[in-house]
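A.B. asks: Sharing upload05.cif, mmCIF, C-alpha atoms:
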data_protein
#
loop_
_atom_site.label_atom_id
_atom_site.label_comp_id
_atom_site.auth_asym_id
_atom_site.auth_seq_id
_atom_site.Cartn_x
_atom_site.Cartn_y
_atom_site.Cartn_z
CA MET D 1 11.70 7.73 -64.94
CA PRO D 2 8.85 8.99 -62.72
CA VAL D 3 5.63 6.98 -62.48
CA ASP D 4 3.52 9.70 -64.09
CA ALA D 5 5.75 9.52 -67.18
CA ILE D 6 5.17 5.76 -67.32
CA PHE D 7 1.46 5.59 -66.59
CA HIS D 8 -1.41 8.07 -66.59
CA CYS D 9 -4.92 6.67 -66.24
CA HIS D 10 -7.33 7.58 -69.05
CA MET D 11 -10.34 6.17 -67.15
CA CYS D 12 -11.16 3.97 -70.14
CA GLY D 13 -12.13 0.99 -67.97
CA SER D 14 -10.09 -1.61 -69.83
CA CYS D 15 -8.60 -2.78 -66.55
CA CYS D 16 -12.09 -2.91 -64.98
CA GLU D 17 -13.44 -5.39 -67.51
CA GLY D 18 -13.48 -9.13 -66.99
CA LYS D 19 -14.82 -11.46 -64.35
CA GLY D 20 -12.80 -12.57 -61.37
CA GLY D 21 -9.82 -10.27 -61.39
CA ILE D 22 -10.53 -7.85 -58.56
CA VAL D 23 -9.45 -9.64 -55.40
CA VAL D 24 -10.59 -8.07 -52.12
CA SER D 25 -8.23 -8.63 -49.20
CA PRO D 26 -9.41 -8.12 -45.61
CA ALA D 27 -7.78 -4.66 -45.59
CA ASP D 28 -9.50 -3.84 -48.90
CA MET D 29 -12.85 -4.94 -47.50
CA LEU D 30 -12.51 -2.66 -44.50
CA ARG D 31 -11.44 0.30 -46.68
CA LEU D 32 -14.33 -0.32 -49.10
CA ALA D 33 -16.87 -0.65 -46.28
CA LEU D 34 -15.67 2.59 -44.69
CA HIS D 35 -15.81 4.36 -48.06
CA LEU D 36 -19.34 3.11 -48.71
CA ALA D 37 -20.37 3.73 -45.09
CA MET D 38 -21.76 0.19 -44.86
CA PRO D 39 -21.10 -2.75 -42.57
CA VAL D 40 -18.45 -5.12 -43.91
CA GLN D 41 -20.92 -8.00 -44.16
CA HIS D 42 -23.33 -5.88 -46.20
CA VAL D 43 -20.55 -4.94 -48.66
CA ARG D 44 -19.50 -8.58 -48.86
CA ASP D 45 -23.06 -9.79 -49.50
CA GLN D 46 -24.03 -7.07 -51.96
CA TYR D 47 -20.86 -6.54 -54.00
CA CYS D 48 -18.63 -9.60 -53.67
CA GLU D 49 -18.43 -13.27 -54.54
CA THR D 50 -15.98 -16.04 -53.80
CA SER D 51 -14.13 -17.42 -56.78
CA GLY D 52 -11.01 -19.55 -56.79
CA GLY D 53 -11.08 -19.47 -53.00
CA LYS D 54 -10.76 -15.68 -52.84
CA LEU D 55 -13.21 -12.88 -52.28
CA LYS D 56 -13.66 -10.79 -55.43
CA ILE D 57 -15.74 -7.85 -56.64
CA ARG D 58 -18.70 -8.93 -58.79
CA CYS D 59 -19.08 -7.90 -62.40
CA GLY D 60 -22.21 -6.39 -63.84
CA ASP D 61 -24.10 -7.71 -66.84
CA ASP D 62 -21.83 -5.57 -69.06
CA GLY D 63 -18.76 -7.53 -67.91
CA TYR D 64 -17.23 -4.62 -65.98
CA CYS D 65 -16.65 -4.31 -62.26
CA ILE D 66 -19.95 -3.32 -60.68
CA PHE D 67 -18.36 -0.11 -59.42
CA PHE D 68 -17.32 1.02 -62.92
CA SER D 69 -19.51 2.98 -65.28
CA LYS D 70 -18.47 4.29 -68.69
CA GLY D 71 -18.48 8.04 -68.59
CA THR D 72 -18.17 8.37 -64.82
CA GLY D 73 -15.46 5.81 -64.07
CA CYS D 74 -14.99 4.15 -60.69
CA SER D 75 -17.64 5.01 -58.12
CA VAL D 76 -15.42 3.83 -55.25
CA HIS D 77 -12.15 5.31 -56.48
CA ALA D 78 -11.05 6.60 -53.06
CA GLY D 79 -11.80 3.23 -51.42
CA LYS D 80 -10.86 0.86 -54.23
CA PRO D 81 -9.01 -2.43 -53.63
CA ALA D 82 -5.21 -2.63 -53.70
CA ILE D 83 -5.26 -4.54 -56.99
CA CYS D 84 -6.99 -1.57 -58.61
CA GLN D 85 -4.64 0.93 -56.99
CA ALA D 86 -1.66 -1.01 -58.31
CA TRP D 87 -2.61 -1.18 -62.00
CA PRO D 88 -0.57 -1.49 -64.25
CA PHE D 89 2.19 -2.47 -61.84
CA PHE D 90 1.26 -6.16 -61.63
CA ARG D 91 3.75 -8.99 -61.15
CA GLY D 92 3.31 -10.20 -64.73
CA ASN D 93 4.02 -6.77 -66.21
CA ILE D 94 6.96 -6.18 -63.86
CA GLU D 95 8.58 -9.59 -64.38
CA ASP D 96 7.76 -10.33 -68.02
CA PRO D 97 8.45 -8.00 -70.98
CA THR D 98 5.89 -9.86 -73.12
CA SER D 99 3.16 -9.31 -70.53
CA LEU D 100 3.99 -5.59 -70.43
CA ALA D 101 3.89 -5.41 -74.25
CA MET D 102 0.40 -6.95 -74.20
CA ALA D 103 -0.73 -4.51 -71.47
CA LYS D 104 0.53 -1.57 -73.54
CA LYS D 105 -1.72 -2.69 -76.41
CA PHE D 106 -4.95 -2.56 -74.41
CA CYS D 107 -4.17 0.18 -71.86
CA PRO D 108 -3.76 3.63 -73.41
CA GLY D 109 -2.41 4.97 -70.11
CA ILE D 110 0.85 3.03 -70.28
CA ASN D 111 3.60 4.95 -72.07
CA SER D 112 4.28 2.90 -75.20
CA LYS D 113 7.92 4.04 -75.25
CA VAL D 114 8.83 3.00 -71.71
CA THR D 115 11.31 0.13 -71.59
CA HIS D 116 10.59 -2.94 -69.53
CA ALA D 117 13.53 -2.15 -67.23
CA GLU D 118 12.21 1.38 -66.58
CA PHE D 119 8.71 0.03 -66.00
CA ALA D 120 9.89 -2.71 -63.62
CA ARG D 121 12.02 -0.32 -61.58
CA ALA D 122 9.20 2.23 -61.27
CA GLY D 123 6.67 -0.52 -60.56
CA HIS D 124 8.66 -1.93 -57.67
CA ASP D 125 9.10 1.56 -56.23
CA TYR D 126 5.41 2.41 -56.66
CA LEU D 127 4.18 -0.78 -54.99
CA ARG D 128 6.55 -0.36 -52.05
CA GLU D 129 5.86 3.37 -51.63
CA HIS D 130 2.08 2.84 -51.64
CA GLU D 131 2.27 -0.31 -49.47
CA LEU D 132 0.54 -2.40 -52.14
CA LEU D 133 2.78 -5.46 -52.04
CA ALA D 134 0.91 -8.55 -50.94
CA SER D 135 2.20 -11.61 -49.13
CA ASP D 136 -0.81 -13.81 -48.37
CA ALA D 137 -1.70 -15.72 -51.53
CA SER D 138 -4.78 -17.16 -49.83
CA GLN D 139 -6.47 -13.75 -49.41
CA GLU D 140 -4.64 -11.24 -51.60
CA ALA D 141 -4.12 -10.75 -55.31
CA ASN D 142 -1.36 -12.94 -56.71
CA ALA D 143 -0.51 -10.10 -59.10
CA LEU D 144 0.77 -8.10 -56.10
CA ILE D 145 3.06 -10.81 -54.75
CA LEU D 146 6.53 -10.21 -56.19
CA GLU D 147 9.36 -12.70 -56.10
#
Show me the file's structure as structure tokens.
C.D. replies:
Amino acid sequence: MPVDAIFHCHMCGSCCEGKGGIVVSPADMLRLALHLAMPVQHVRDQYCETSGGKLKIRCGDDGYCIFFSKGTGCSVHAGKPAICQAWPFFRGNIEDPTSLAMAKKFCPGINSKVTHAEFARAGHDYLREHELLASDASQEANALILE
């Protein structure tokens, strides 16, 4: 089953809500800085914080990623971190049918009829094809490190 039959983003922002989930790897930081046309240190100081030993995008007072706005979506879409590019193909959803079932309930973009096996197969392919698999748990999102 092709990826676009499994997931189509509705720009609802459900995946952009919640503190501490958007890990910024060194490659993400460079991409984000280039996209924003700012020095890396300025992006780090203005938009990021360290939590759990990793650099992460800050949340606004509304609880959403500071780059997300209802109505307009992600203001850094073209330069967004790998974790954002990968949604919903996270390790938990790929490896655990219960996690995928929960994701289907809050993300309207995930095809509710897709089986876990179809989702996992497409997810692996998508992550490999887009070079989103991570390997350094100290600086990258654990959700992108597959066993």
A.B. asks: Selected by the PyMOL selection byres ((chain D and resi 51) around 12) in the shown coordinates: which residues, as a ChimeraX atom specification?
C.D. replies: /D:19-24,48-50,52-58,138-139
A.B. asks: Taking C-alpha atoms for each residue, export the selection above as a PDB file, in the coordinates of the input.
C.D. replies:
ATOM      1  CA  LYS D  19     -14.820 -11.460 -64.350  1.00  0.00           C
ATOM      2  CA  GLY D  20     -12.800 -12.570 -61.370  1.00  0.00           C
ATOM      3  CA  GLY D  21      -9.820 -10.270 -61.390  1.00  0.00           C
ATOM      4  CA  ILE D  22     -10.530  -7.850 -58.560  1.00  0.00           C
ATOM      5  CA  VAL D  23      -9.450  -9.640 -55.400  1.00  0.00           C
ATOM      6  CA  VAL D  24     -10.590  -8.070 -52.120  1.00  0.00           C
ATOM      7  CA  CYS D  48     -18.630  -9.600 -53.670  1.00  0.00           C
ATOM      8  CA  GLU D  49     -18.430 -13.270 -54.540  1.00  0.00           C
ATOM      9  CA  THR D  50     -15.980 -16.040 -53.800  1.00  0.00           C
ATOM     10  CA  GLY D  52     -11.010 -19.550 -56.790  1.00  0.00           C
ATOM     11  CA  GLY D  53     -11.080 -19.470 -53.000  1.00  0.00           C
ATOM     12  CA  LYS D  54     -10.760 -15.680 -52.840  1.00  0.00           C
ATOM     13  CA  LEU D  55     -13.210 -12.880 -52.280  1.00  0.00           C
ATOM     14  CA  LYS D  56     -13.660 -10.790 -55.430  1.00  0.00           C
ATOM     15  CA  ILE D  57     -15.740  -7.850 -56.640  1.00  0.00           C
ATOM     16  CA  ARG D  58     -18.700  -8.930 -58.790  1.00  0.00           C
ATOM     17  CA  SER D 138      -4.780 -17.160 -49.830  1.00  0.00           C
ATOM     18  CA  GLN D 139      -6.470 -13.750 -49.410  1.00  0.00           C
TER      19      GLN D 139
END
A.B. asks: I'd like to see the residues matched by the PyMOL selection byres ((chain D and resi 66) around 10) on this file, and ideally I'd get them as a list in words.
C.D. replies: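 Output of the PyMOL selection byres ((chain D and resi 66) around 10): Cys16, Glu17, Tyr47, Cys48, Ile57, Arg58, Cys59, Gly60, Asp61, Asp62, Gly63, Tyr64, Cys65, Phe67, Phe68, Ser69, Cys74 and Ser75 of chain D.
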A.B. asks: Fewer than 2 positions away in the same chain doesn't count, so skip those; otherwise give me all residues within 10 Å of Asp4 (chain D), counting all atoms listed in the file, as a ChimeraX atom specification.
C.D. replies: /D:1-2,6-9,109-111,122
A.B. asks: Using the chain letters and numbers from the file, which residues does the PyMOL selection byres ((chain D and resi 28) around 10) grab, as a PyMOL selection string?
C.D. replies: chain D and resi 23-27+29-34+79-83+140
A.B. asks: Please list as number ranges by chain every residue within 7 Å of Leu144 (chain D), counting all atoms listed in the file and excluding residues in the same chain fewer than 2 positions away.
C.D. replies: D: 90-91, 132-134, 141-142, 146
A.B. asks: One decimal, Å: what's the distance from CA of Val114 (chain D) over to CA of Cys15 (chain D), could you say?
C.D. replies: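 For CA of Val114 (chain D) relative to CA of Cys15 (chain D), the distance reads 19.1 Å.
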A.B. asks: Compile the contact shell of Gly123 (chain D) as number ranges by chain: residues with an atom at most 9 Å away, counting all atoms listed in the file, same-chain residues fewer than 6 positions apart removed.
C.D. replies: D: 3, 86, 88-91, 93-94
A.B. asks: Quick one: distance from CA of Pro108 (chain D) to CA of Tyr126 (chain D) in Å, one decimal?
C.D. replies: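 The value is 19.1 Å.
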A.B. asks: Show me, as lines of an AutoDock Vina configuration file, the centre and edge lengths in Å to one decimal of the axis-aligned box that covers every listed atom of region 46-55 of chain D with 3 Å on each side.
C.D. replies:
center_x = -17.4
center_y = -13.0
center_z = -54.4
size_x = 19.3
size_y = 19.0
size_z = 10.8
A.B. asks: For each of D:Glu118, D:Asp45, D:Glu131, D:Asp136, take the minimum atom-to-atom distance to Pro97 (chain D), counting only C-alpha atoms, then give the residue where this is smallest.
C.D. replies: D:Glu118
A.B. asks: Find the distance between CA of Cys12 (chain D) and CA of Gly92 (chain D) and write it in Å to one decimal.
C.D. replies: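 That distance, rounded to one decimal, is 21.0 Å.
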A.B. asks: Considering all atoms listed in the file, can you say which of D:Met11, D:Ala5, D:Ala137, D:Ile145 comes closest to Lys70 (chain D)?
C.D. replies: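 Smallest separation from Lys70 (chain D) among the options: D:Met11.
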A.B. asks: Please output region 81-93 of chain D, rebuilt to include N, CA, C and O atoms, as a PDB file, in the frame of the given file.
C.D. replies:
ATOM      1  N   PRO D  81      -9.943  -1.393 -54.077  1.00  0.00           N
ATOM      2  CA  PRO D  81      -9.010  -2.430 -53.630  1.00  0.00           C
ATOM      3  C   PRO D  81      -7.569  -2.180 -54.101  1.00  0.00           C
ATOM      4  O   PRO D  81      -7.326  -1.486 -55.089  1.00  0.00           O
ATOM      5  N   ALA D  82      -6.628  -2.778 -53.395  1.00  0.00           N
ATOM      6  CA  ALA D  82      -5.210  -2.630 -53.700  1.00  0.00           C
ATOM      7  C   ALA D  82      -4.889  -3.034 -55.136  1.00  0.00           C
ATOM      8  O   ALA D  82      -4.076  -2.393 -55.802  1.00  0.00           O
ATOM      9  N   ILE D  83      -5.525  -4.087 -55.633  1.00  0.00           N
ATOM     10  CA  ILE D  83      -5.260  -4.540 -56.990  1.00  0.00           C
ATOM     11  C   ILE D  83      -5.579  -3.441 -58.003  1.00  0.00           C
ATOM     12  O   ILE D  83      -4.884  -3.263 -58.993  1.00  0.00           O
ATOM     13  N   CYS D  84      -6.617  -2.676 -57.728  1.00  0.00           N
ATOM     14  CA  CYS D  84      -6.990  -1.570 -58.610  1.00  0.00           C
ATOM     15  C   CYS D  84      -6.016  -0.403 -58.469  1.00  0.00           C
ATOM     16  O   CYS D  84      -5.652   0.234 -59.453  1.00  0.00           O
ATOM     17  N   GLN D  85      -5.602  -0.144 -57.242  1.00  0.00           N
ATOM     18  CA  GLN D  85      -4.640   0.930 -56.990  1.00  0.00           C
ATOM     19  C   GLN D  85      -3.304   0.639 -57.668  1.00  0.00           C
ATOM     20  O   GLN D  85      -2.597   1.554 -58.077  1.00  0.00           O
ATOM     21  N   ALA D  86      -2.968  -0.620 -57.788  1.00  0.00           N
ATOM     22  CA  ALA D  86      -1.660  -1.010 -58.310  1.00  0.00           C
ATOM     23  C   ALA D  86      -1.560  -0.976 -59.833  1.00  0.00           C
ATOM     24  O   ALA D  86      -0.458  -0.854 -60.374  1.00  0.00           O
ATOM     25  N   TRP D  87      -2.674  -1.114 -60.537  1.00  0.00           N
ATOM     26  CA  TRP D  87      -2.610  -1.180 -62.000  1.00  0.00           C
ATOM     27  C   TRP D  87      -1.815  -0.016 -62.553  1.00  0.00           C
ATOM     28  O   TRP D  87      -2.006   1.097 -62.129  1.00  0.00           O
ATOM     29  N   PRO D  88      -0.913  -0.264 -63.527  1.00  0.00           N
ATOM     30  CA  PRO D  88      -0.570  -1.490 -64.250  1.00  0.00           C
ATOM     31  C   PRO D  88       0.625  -2.235 -63.669  1.00  0.00           C
ATOM     32  O   PRO D  88       1.204  -3.092 -64.320  1.00  0.00           O
ATOM     33  N   PHE D  89       0.996  -1.893 -62.440  1.00  0.00           N
ATOM     34  CA  PHE D  89       2.190  -2.470 -61.840  1.00  0.00           C
ATOM     35  C   PHE D  89       1.889  -3.821 -61.194  1.00  0.00           C
ATOM     36  O   PHE D  89       1.969  -3.991 -59.976  1.00  0.00           O
ATOM     37  N   PHE D  90       1.540  -4.784 -62.036  1.00  0.00           N
ATOM     38  CA  PHE D  90       1.260  -6.160 -61.630  1.00  0.00           C
ATOM     39  C   PHE D  90       2.516  -7.001 -61.825  1.00  0.00           C
ATOM     40  O   PHE D  90       3.355  -6.699 -62.679  1.00  0.00           O
ATOM     41  N   ARG D  91       2.591  -8.095 -61.068  1.00  0.00           N
ATOM     42  CA  ARG D  91       3.750  -8.990 -61.150  1.00  0.00           C
ATOM     43  C   ARG D  91       4.068  -9.378 -62.593  1.00  0.00           C
ATOM     44  O   ARG D  91       5.220  -9.285 -63.031  1.00  0.00           O
ATOM     45  N   GLY D  92       3.055  -9.782 -63.350  1.00  0.00           N
ATOM     46  CA  GLY D  92       3.310 -10.200 -64.730  1.00  0.00           C
ATOM     47  C   GLY D  92       3.961  -9.095 -65.553  1.00  0.00           C
ATOM     48  O   GLY D  92       4.926  -9.348 -66.283  1.00  0.00           O
ATOM     49  N   ASN D  93       3.464  -7.886 -65.443  1.00  0.00           N
ATOM     50  CA  ASN D  93       4.020  -6.770 -66.210  1.00  0.00           C
ATOM     51  C   ASN D  93       5.410  -6.373 -65.726  1.00  0.00           C
ATOM     52  O   ASN D  93       6.241  -5.921 -66.512  1.00  0.00           O
TER      53      ASN D  93
END
